[in-house]
>>> print(open('query04.json').read())   # JSON, C-alpha atoms and all ligand atoms
[["chain", "number", "residue", "atom", "x", "y", "z"],
["G", 144, "MET", "CA", 93.91, 87.92, 127.09],
["G", 145, "ARG", "CA", 92.66, 84.70, 125.53],
["G", 146, "VAL", "CA", 89.62, 82.73, 126.66],
["G", 147, "HIS", "CA", 89.02, 79.01, 126.29],
["G", 148, "VAL", "CA", 85.85, 77.04, 126.97],
["G", 149, "ASP", "CA", 85.72, 73.29, 127.59],
["G", 150, "HIS", "CA", 82.50, 72.06, 125.99],
["G", 151, "GLU", "CA", 82.84, 68.60, 127.52],
["G", 152, "ARG", "CA", 83.09, 69.96, 131.05],
["G", 153, "CYS", "CA", 80.26, 72.50, 130.65],
["G", 154, "VAL", "CA", 76.99, 71.57, 132.38],
["G", 155, "GLY", "CA", 74.93, 74.37, 130.84],
["G", 156, "SER", "CA", 74.26, 76.40, 133.98],
["G", 157, "GLY", "CA", 74.32, 79.67, 132.01],
["G", 158, "SER", "CA", 76.26, 81.68, 134.56],
["G", 159, "CYS", "CA", 78.75, 82.78, 131.91],
["G", 160, "VAL", "CA", 75.96, 84.19, 129.72],
["G", 161, "PHE", "CA", 74.73, 86.19, 132.68],
["G", 162, "SER", "CA", 78.25, 87.60, 133.15],
["G", 163, "ASP", "CA", 78.69, 88.66, 129.52],
["G", 164, "PRO", "CA", 76.15, 87.75, 126.82],
["G", 165, "SER", "CA", 78.31, 89.43, 124.18],
["G", 166, "VAL", "CA", 81.01, 86.80, 124.73],
["G", 167, "PHE", "CA", 79.14, 83.67, 125.86],
["G", 168, "SER", "CA", 76.00, 81.93, 124.67],
["G", 169, "GLN", "CA", 74.48, 78.48, 125.00],
["G", 170, "ASP", "CA", 73.84, 75.88, 122.32],
["G", 171, "ASP", "CA", 70.14, 75.70, 121.44],
["G", 172, "GLU", "CA", 70.14, 71.91, 121.64],
["G", 173, "ASP", "CA", 72.30, 70.87, 124.57],
["G", 174, "GLY", "CA", 72.68, 74.15, 126.49],
["G", 175, "ARG", "CA", 76.46, 73.97, 126.53],
["G", 176, "VAL", "CA", 78.55, 77.07, 126.24],
["G", 177, "VAL", "CA", 79.21, 78.70, 122.87],
["G", 178, "LEU", "CA", 81.98, 81.27, 122.53],
["G", 179, "LEU", "CA", 80.79, 84.21, 120.42],
["G", 180, "ILE", "CA", 84.21, 85.76, 119.90],
["G", 181, "ASP", "CA", 87.55, 84.53, 118.69],
["G", 182, "PRO", "CA", 89.78, 83.57, 121.62],
["G", 183, "HIS", "CA", 91.19, 87.08, 121.91],
["G", 184, "VAL", "CA", 89.24, 89.21, 124.38],
["G", 185, "ASP", "CA", 88.83, 92.95, 123.83],
["G", 186, "PRO", "CA", 90.17, 95.04, 126.70],
["G", 187, "ASP", "CA", 86.71, 96.27, 127.66],
["G", 188, "ARG", "CA", 85.45, 92.70, 128.09],
["G", 189, "ARG", "CA", 88.28, 91.38, 130.24],
["G", 190, "GLN", "CA", 86.68, 91.86, 133.64],
["G", 191, "SER", "CA", 83.38, 90.30, 132.65],
["G", 192, "VAL", "CA", 85.22, 87.32, 131.13],
["G", 193, "ARG", "CA", 87.23, 86.92, 134.35],
["G", 194, "ASP", "CA", 83.94, 87.07, 136.28],
["G", 195, "ALA", "CA", 82.46, 84.39, 134.03],
["G", 196, "ALA", "CA", 85.44, 82.11, 134.61],
["G", 197, "PHE", "CA", 85.15, 82.67, 138.36],
["G", 198, "ARG", "CA", 81.42, 81.95, 138.40],
["G", 199, "CYS", "CA", 81.48, 78.82, 136.22],
["G", 200, "PRO", "CA", 80.56, 76.00, 138.63],
["G", 201, "VAL", "CA", 82.69, 73.41, 136.85],
["G", 202, "GLY", "CA", 85.72, 75.43, 135.79],
["G", 203, "ALA", "CA", 84.94, 75.12, 132.09],
["G", 204, "ILE", "CA", 86.23, 78.63, 131.30],
["G", 205, "THR", "CA", 89.92, 79.43, 131.45],
["G", 206, "VAL", "CA", 91.70, 82.66, 130.63],
["G", 207, "ALA", "CA", 95.34, 83.36, 129.85],
["G", 208, "GLU", "CA", 96.95, 86.78, 129.90],
["G", 301, "LIG", "S1", 79.06, 78.93, 133.39],
["G", 301, "LIG", "FE1", 80.31, 77.13, 132.90],
["G", 301, "LIG", "S2", 78.92, 75.38, 133.07],
["G", 301, "LIG", "FE2", 77.65, 77.24, 132.94],
["G", 301, "LIG", "S3", 77.17, 77.45, 130.72],
["G", 301, "LIG", "FE3", 79.01, 78.69, 131.15],
["G", 301, "LIG", "S4", 80.75, 77.32, 130.71],
["G", 301, "LIG", "FE4", 78.91, 76.04, 130.93]]
>>> encode(input="query04.json", output="C-alpha cells", more="lines below")
Ligand code: SF4
Amino acid sequence: MRVHVDHERCVGSGSCVFSDPSVFSQDDEDGRVVLLIDPHVDPDRRQSVRDAAFRCPVGAITVAE
C-alpha cells in the first residue's frame, strides 16, 4: 500500500493525526498534513491509514494497494 497526501487540499483538521500519529503530523506553521513515512505503508499501519483517508473531511489522503 502507498499513501499520498495533497497539501493544497488539506484544511488542517487533524483527523488523520488522531487516526495514526506515527504516520501523519501537522506542519507547525500552517497546520497542514505532514507525512512522517515514505509512501510505502507497513502492513501493521494499513488499517489506520485507511481510517485516516476515510475520516479526512476534504479527501486529501489517498491510498493505493
Ligand atoms: S484529516 Fe485531511 S484535512 Fe485534516 S489534517 Fe489530515 S489531511 Fe489535512
>>> closest_residue(input="query04.json", among="G:Cys153, G:Val206, G:Met144, G:Pro182", to="Val166 (chain G)", atoms="all atoms listed in the file")
G:Pro182
>>> atom_distance(input="query04.json", atom1="CA of Cys159 (chain G)", atom2="atom S3 of ligand LIG 301 (chain G)")
5.7 Å
>>> residues_around(input="query04.json", residues="Asp163 (chain G)", least_positions_apart="2", cutoff="9 Å", atoms="all atoms listed in the file", output="list in words")
Ser158, Cys159, Val160, Phe161, Ser165, Val166, Phe167, Ser168, Arg188, Ser191, Val192, Asp194 and Ala195 of chain G
>>> atom_distance(input="query04.json", atom1="CA of Asp173 (chain G)", atom2="CA of Gln190 (chain G)")
27.0 Å
>>> closest_residue(input="query04.json", among="G:Glu208, G:Asp181, G:Glu172, G:Asp187", to="Val148 (chain G)", atoms="only C-alpha atoms")
G:Asp181
>>> residues_near_ligand(input="query04.json", ligand="ligand LIG 301 (chain G)", cutoff="9 Å", atoms="all atoms listed in the file", output="count of residues only")
31
>>> decode(input="query04.json", residues="chain G", atoms="C-alpha atoms", output="compact mmCIF listing (two decimals), in the first residue's frame")
# COMPACT_ATOMS: atom_id res chain seq x y z
CA MET G 144 0.00 0.00 0.00
CA ARG G 145 1.11 3.53 -0.80
CA VAL G 146 -0.29 6.69 0.76
CA HIS G 147 -0.42 10.15 -0.78
CA VAL G 148 -1.37 13.44 0.86
CA ASP G 149 -2.49 16.55 -1.02
CA HIS G 150 -1.09 19.52 0.89
CA GLU G 151 -3.07 22.03 -1.15
CA ARG G 152 -6.38 20.36 -0.38
CA CYS G 153 -5.65 19.84 3.34
CA VAL G 154 -7.51 22.20 5.70
CA GLY G 155 -5.61 21.17 8.83
CA SER G 156 -8.45 19.50 10.71
CA GLY G 157 -6.07 16.98 12.29
CA SER G 158 -8.31 13.95 11.93
CA CYS G 159 -5.53 11.99 10.26
CA VAL G 160 -3.19 12.59 13.20
CA PHE G 161 -5.86 11.26 15.52
CA SER G 162 -6.12 8.11 13.37
CA ASP G 163 -2.38 7.41 13.33
CA PRO G 164 0.17 9.86 14.77
CA SER G 165 3.02 7.59 13.69
CA VAL G 166 2.13 8.24 10.04
CA PHE G 167 0.58 11.73 9.99
CA SER G 168 1.52 15.02 11.60
CA GLN G 169 0.72 18.68 11.02
CA ASP G 170 3.03 21.49 9.97
CA ASP G 171 3.86 23.76 12.91
CA GLU G 172 3.15 26.88 10.88
CA ASP G 173 0.12 26.23 8.70
CA GLY G 174 -1.35 23.08 10.29
CA ARG G 175 -1.39 21.17 7.03
CA VAL G 176 -0.68 17.48 6.94
CA VAL G 177 2.88 16.16 7.04
CA LEU G 178 3.57 12.55 6.08
CA LEU G 179 6.05 11.00 8.53
CA ILE G 180 6.79 7.91 6.47
CA ASP G 181 7.84 7.25 2.92
CA PRO G 182 4.82 6.49 0.73
CA HIS G 183 5.00 2.77 1.47
CA VAL G 184 2.84 1.79 4.43
CA ASP G 185 3.88 -1.03 6.75
CA PRO G 186 1.32 -3.83 6.96
CA ASP G 187 0.51 -3.07 10.60
CA ARG G 188 -0.39 0.53 9.75
CA ARG G 189 -2.69 -0.17 6.81
CA GLN G 190 -5.99 -0.08 8.65
CA SER G 191 -5.24 3.13 10.50
CA VAL G 192 -4.13 4.77 7.24
CA ARG G 193 -7.36 3.65 5.56
CA ASP G 194 -9.26 5.10 8.53
CA ALA G 195 -7.40 8.39 8.17
CA ALA G 196 -8.27 8.58 4.47
CA PHE G 197 -11.91 7.85 5.28
CA ARG G 198 -12.06 10.48 8.02
CA CYS G 199 -10.32 13.29 6.13
CA PRO G 200 -13.09 15.85 5.53
CA VAL G 201 -11.66 17.05 2.22
CA GLY G 202 -10.33 13.84 0.70
CA ALA G 203 -6.71 14.94 0.94
CA ILE G 204 -5.45 11.42 1.70
CA THR G 205 -5.47 8.73 -0.95
CA VAL G 206 -4.22 5.17 -0.75
CA ALA G 207 -3.34 2.69 -3.47
CA GLU G 208 -2.92 -1.04 -2.97
